[in-house]
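The structure appears below as structure tokens.
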Amino acid sequence: MTIRFFGPHSGIGLIIAGVTLIADQLSKLFILRGLGLRLGEAMTVMPFLDLVLTFNRGISYGLFPQDGEFGRWFLVALKLAAAALFAYWIAHTSSRLVAAALGLLVGGALGNAIDRAVYGAVVDFVSLHAFGWRWYVFNLADSAIVAGVVGLLYDAVSGHAMKSPPSGGS
């Protein structure tokens, strides 16, 4: 069994992860420090888009909120473990699409893990709405995670997916 940490498409996956992480963290710094929004305050950007500062203590969409230190650090560890597993998968994929999708997942997971470690919660700020309907408030890391999942699903249904999960072999 060979364990590799770099494969044919690791470069693209890791670059996408890095760009995603940097864009996510810069956007959150802009919301926190540049705009001066107060918690819950909305700034209308377009008729269907507001910027609203919120702190998500839950896993996703505010589900299973973790107010204690154990829950906070458990979720940080979970995000870091997921990012490590996705990075390992990147090293073992033969598909650029899968490497790019996994890069989005790594960058998004690390971005939200950093928030949880630094602020105790994930910084969310994008609020989409139309015709009286409002979506959950989210951030760029969340968007990257969704895009990464869509990429993996596309690969799976397009017939290009691997027939089995990545293994330690070549």
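Letters A, B, ... go to the chains of the structure tokens in the order shown; residues in each chain start at 1; ligands are counted from 1 in the same order.
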- Task: Using DSSP on the backbone coordinates, identify the residues of range 55-109 of chain A assigned to helix (DSSP H, G or I); present them as a ChimeraX atom specification.
- Result: /A:69-92,96-109
Could you write out the selected residues, including N, CA and C atoms, as a tab-separated table (two decimals), in the first residue's frame?
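Writing the result to again.tsv gives the following:
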```tsv
chain	number	residue	atom	x	y	z
A	69	GLU	N	-17.65	25.29	24.58
A	69	GLU	CA	-16.30	25.14	24.03
A	69	GLU	C	-16.07	23.76	23.43
A	70	PHE	N	-16.63	22.71	24.06
A	70	PHE	CA	-16.45	21.38	23.50
A	70	PHE	C	-17.03	21.31	22.09
A	71	GLY	N	-18.26	21.78	21.91
A	71	GLY	CA	-18.90	21.75	20.60
A	71	GLY	C	-18.14	22.57	19.58
A	72	ARG	N	-17.68	23.73	20.00
A	72	ARG	CA	-16.90	24.61	19.11
A	72	ARG	C	-15.67	23.88	18.58
A	73	TRP	N	-14.87	23.33	19.48
A	73	TRP	CA	-13.62	22.70	19.07
A	73	TRP	C	-13.84	21.35	18.40
A	74	PHE	N	-14.93	20.67	18.75
A	74	PHE	CA	-15.28	19.45	18.05
A	74	PHE	C	-15.56	19.76	16.57
A	75	LEU	N	-16.31	20.84	16.32
A	75	LEU	CA	-16.61	21.22	14.93
A	75	LEU	C	-15.38	21.70	14.18
A	76	VAL	N	-14.46	22.38	14.88
A	76	VAL	CA	-13.19	22.76	14.25
A	76	VAL	C	-12.43	21.50	13.84
A	77	ALA	N	-12.34	20.53	14.75
A	77	ALA	CA	-11.63	19.28	14.45
A	77	ALA	C	-12.30	18.53	13.31
A	78	LEU	N	-13.62	18.52	13.30
A	78	LEU	CA	-14.36	17.86	12.23
A	78	LEU	C	-14.07	18.49	10.87
A	79	LYS	N	-14.07	19.81	10.81
A	79	LYS	CA	-13.75	20.52	9.56
A	79	LYS	C	-12.32	20.25	9.11
A	80	LEU	N	-11.39	20.25	10.05
A	80	LEU	CA	-9.99	19.99	9.71
A	80	LEU	C	-9.80	18.55	9.22
A	81	ALA	N	-10.48	17.62	9.86
A	81	ALA	CA	-10.39	16.22	9.42
A	81	ALA	C	-10.98	16.06	8.02
A	82	ALA	N	-12.11	16.71	7.77
A	82	ALA	CA	-12.73	16.65	6.43
A	82	ALA	C	-11.78	17.24	5.39
A	83	ALA	N	-11.18	18.39	5.70
A	83	ALA	CA	-10.25	19.03	4.76
A	83	ALA	C	-9.07	18.11	4.48
A	84	ALA	N	-8.54	17.44	5.50
A	84	ALA	CA	-7.42	16.52	5.31
A	84	ALA	C	-7.81	15.34	4.44
A	85	LEU	N	-8.98	14.78	4.67
A	85	LEU	CA	-9.45	13.66	3.84
A	85	LEU	C	-9.67	14.08	2.40
A	86	PHE	N	-10.23	15.27	2.20
A	86	PHE	CA	-10.43	15.75	0.83
A	86	PHE	C	-9.09	16.02	0.15
A	87	ALA	N	-8.11	16.55	0.89
A	87	ALA	CA	-6.78	16.78	0.32
A	87	ALA	C	-6.13	15.45	-0.07
A	88	TYR	N	-6.32	14.43	0.76
A	88	TYR	CA	-5.80	13.10	0.44
A	88	TYR	C	-6.47	12.57	-0.83
A	89	TRP	N	-7.77	12.78	-0.95
A	89	TRP	CA	-8.51	12.36	-2.14
A	89	TRP	C	-7.99	13.07	-3.38
A	90	ILE	N	-7.69	14.37	-3.24
A	90	ILE	CA	-7.14	15.13	-4.37
A	90	ILE	C	-5.88	14.44	-4.89
A	91	ALA	N	-5.04	13.99	-3.99
A	91	ALA	CA	-3.77	13.36	-4.40
A	91	ALA	C	-3.98	12.05	-5.12
A	92	HIS	N	-5.16	11.46	-4.99
A	92	HIS	CA	-5.42	10.15	-5.57
A	92	HIS	C	-6.42	10.16	-6.72
A	96	ARG	N	-9.39	16.08	-13.24
A	96	ARG	CA	-9.23	17.50	-12.90
A	96	ARG	C	-10.49	18.07	-12.27
A	97	LEU	N	-11.67	17.65	-12.78
A	97	LEU	CA	-12.93	18.13	-12.21
A	97	LEU	C	-13.04	17.74	-10.74
A	98	VAL	N	-12.74	16.50	-10.42
A	98	VAL	CA	-12.82	16.05	-9.03
A	98	VAL	C	-11.81	16.81	-8.18
A	99	ALA	N	-10.60	17.01	-8.68
A	99	ALA	CA	-9.58	17.76	-7.94
A	99	ALA	C	-10.05	19.19	-7.68
A	100	ALA	N	-10.65	19.82	-8.68
A	100	ALA	CA	-11.15	21.19	-8.51
A	100	ALA	C	-12.30	21.23	-7.51
A	101	ALA	N	-13.23	20.29	-7.62
A	101	ALA	CA	-14.36	20.23	-6.69
A	101	ALA	C	-13.87	20.00	-5.27
A	102	LEU	N	-12.93	19.10	-5.10
A	102	LEU	CA	-12.38	18.84	-3.77
A	102	LEU	C	-11.60	20.04	-3.24
A	103	GLY	N	-10.93	20.76	-4.13
A	103	GLY	CA	-10.25	21.99	-3.73
A	103	GLY	C	-11.23	23.00	-3.15
A	104	LEU	N	-12.40	23.12	-3.77
A	104	LEU	CA	-13.44	24.01	-3.23
A	104	LEU	C	-13.89	23.54	-1.85
A	105	LEU	N	-14.03	22.23	-1.68
A	105	LEU	CA	-14.43	21.69	-0.38
A	105	LEU	C	-13.36	21.95	0.69
A	106	VAL	N	-12.10	21.76	0.33
A	106	VAL	CA	-11.00	21.99	1.28
A	106	VAL	C	-10.97	23.46	1.68
A	107	GLY	N	-10.99	24.36	0.70
A	107	GLY	CA	-10.95	25.78	1.00
A	107	GLY	C	-12.13	26.24	1.84
A	108	GLY	N	-13.31	25.75	1.52
A	108	GLY	CA	-14.50	26.12	2.28
A	108	GLY	C	-14.46	25.59	3.70
A	109	ALA	N	-14.06	24.33	3.85
A	109	ALA	CA	-13.98	23.73	5.19
A	109	ALA	C	-12.95	24.46	6.05
```
Shell of 6 Å around range 119-135 of chain A, only C-alpha atoms, local chain residues under 6 positions omitted, as a PDB file with C-alpha atoms, in the first residue's frame:
```pdb
ATOM      1  CA  PHE A  48     -32.486  40.615  -4.080  1.00  0.00           C
ATOM      2  CA  LEU A  49     -29.220  40.799  -2.082  1.00  0.00           C
ATOM      3  CA  ASP A  50     -28.431  42.152   1.374  1.00  0.00           C
ATOM      4  CA  LEU A  51     -25.298  41.948   3.456  1.00  0.00           C
ATOM      5  CA  VAL A  52     -26.257  40.926   7.001  1.00  0.00           C
ATOM      6  CA  LEU A  53     -23.690  40.112   9.678  1.00  0.00           C
ATOM      7  CA  THR A  54     -24.559  36.915  11.560  1.00  0.00           C
ATOM      8  CA  PHE A  55     -22.582  34.362  13.534  1.00  0.00           C
ATOM      9  CA  ASN A  56     -23.567  30.741  12.909  1.00  0.00           C
ATOM     10  CA  ARG A  57     -22.806  28.529  15.878  1.00  0.00           C
ATOM     11  CA  ASN A 112     -15.244  27.980   8.236  1.00  0.00           C
TER      12      ASN A 112
END
```
- Which of these residues is nearest to Asp24 in chain A, using only C-alpha atoms: A:Gly40, A:Ser158, A:Val149, A:Asp142?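 Closest to Asp24 in chain A of all the choices is A:Asp142.
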- Task: Extract, using only C-alpha atoms, all DNA, RNA and protein residues at most 7 Å from Gly111 in chain A, discarding same-chain residues fewer than 6 positions from it, and format them as a list in words.
- Result: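 Neighbouring residues, sequence-local ones excluded: Leu21, Asp24, Gln25 and Ala141 of chain A.
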Now that the selection is made, can you save its residues with C-alpha atoms as a tab-separated table (two decimals), in the first residue's frame?
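The result, written out as again-v6.tsv:
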```
chain	number	residue	atom	x	y	z
A	21	LEU	CA	-9.66	30.13	1.53
A	24	ASP	CA	-13.40	33.63	1.97
A	25	GLN	CA	-11.27	35.12	4.73
A	141	ALA	CA	-16.94	29.20	2.04
```
- Item | DSSP-assigned strand (DSSP E) members of range 12-169 of chain A, reported as a VMD selection string | chain A and resid 42 to 46 49 to 56 122 to 130 133 to 134
- Taking into account only C-alpha atoms, which residue in the set A:Ile12, A:Val157, A:Leu29, A:Leu35 is nearest to Val118 in chain A?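 Smallest separation from Val118 in chain A among the options: A:Leu29.
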- Query: Between CA of Val137 in chain A and CA of Tyr154 in chain A, what is the spacing in Å?
  - Reply: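 Calculated distance between CA of Tyr154 in chain A and CA of Val137 in chain A is 25.4 Å.
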- Could you state the separation of CA of Asp115 in chain A and CA of Lys28 in chain A in Å, given to one decimal place?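 Computed distance, CA of Asp115 in chain A to CA of Lys28 in chain A, equals 9.0 Å.
For the pair CA of Ile145 in chain A and CA of Ala117 in chain A, the interatomic distance is 18.7 Å.
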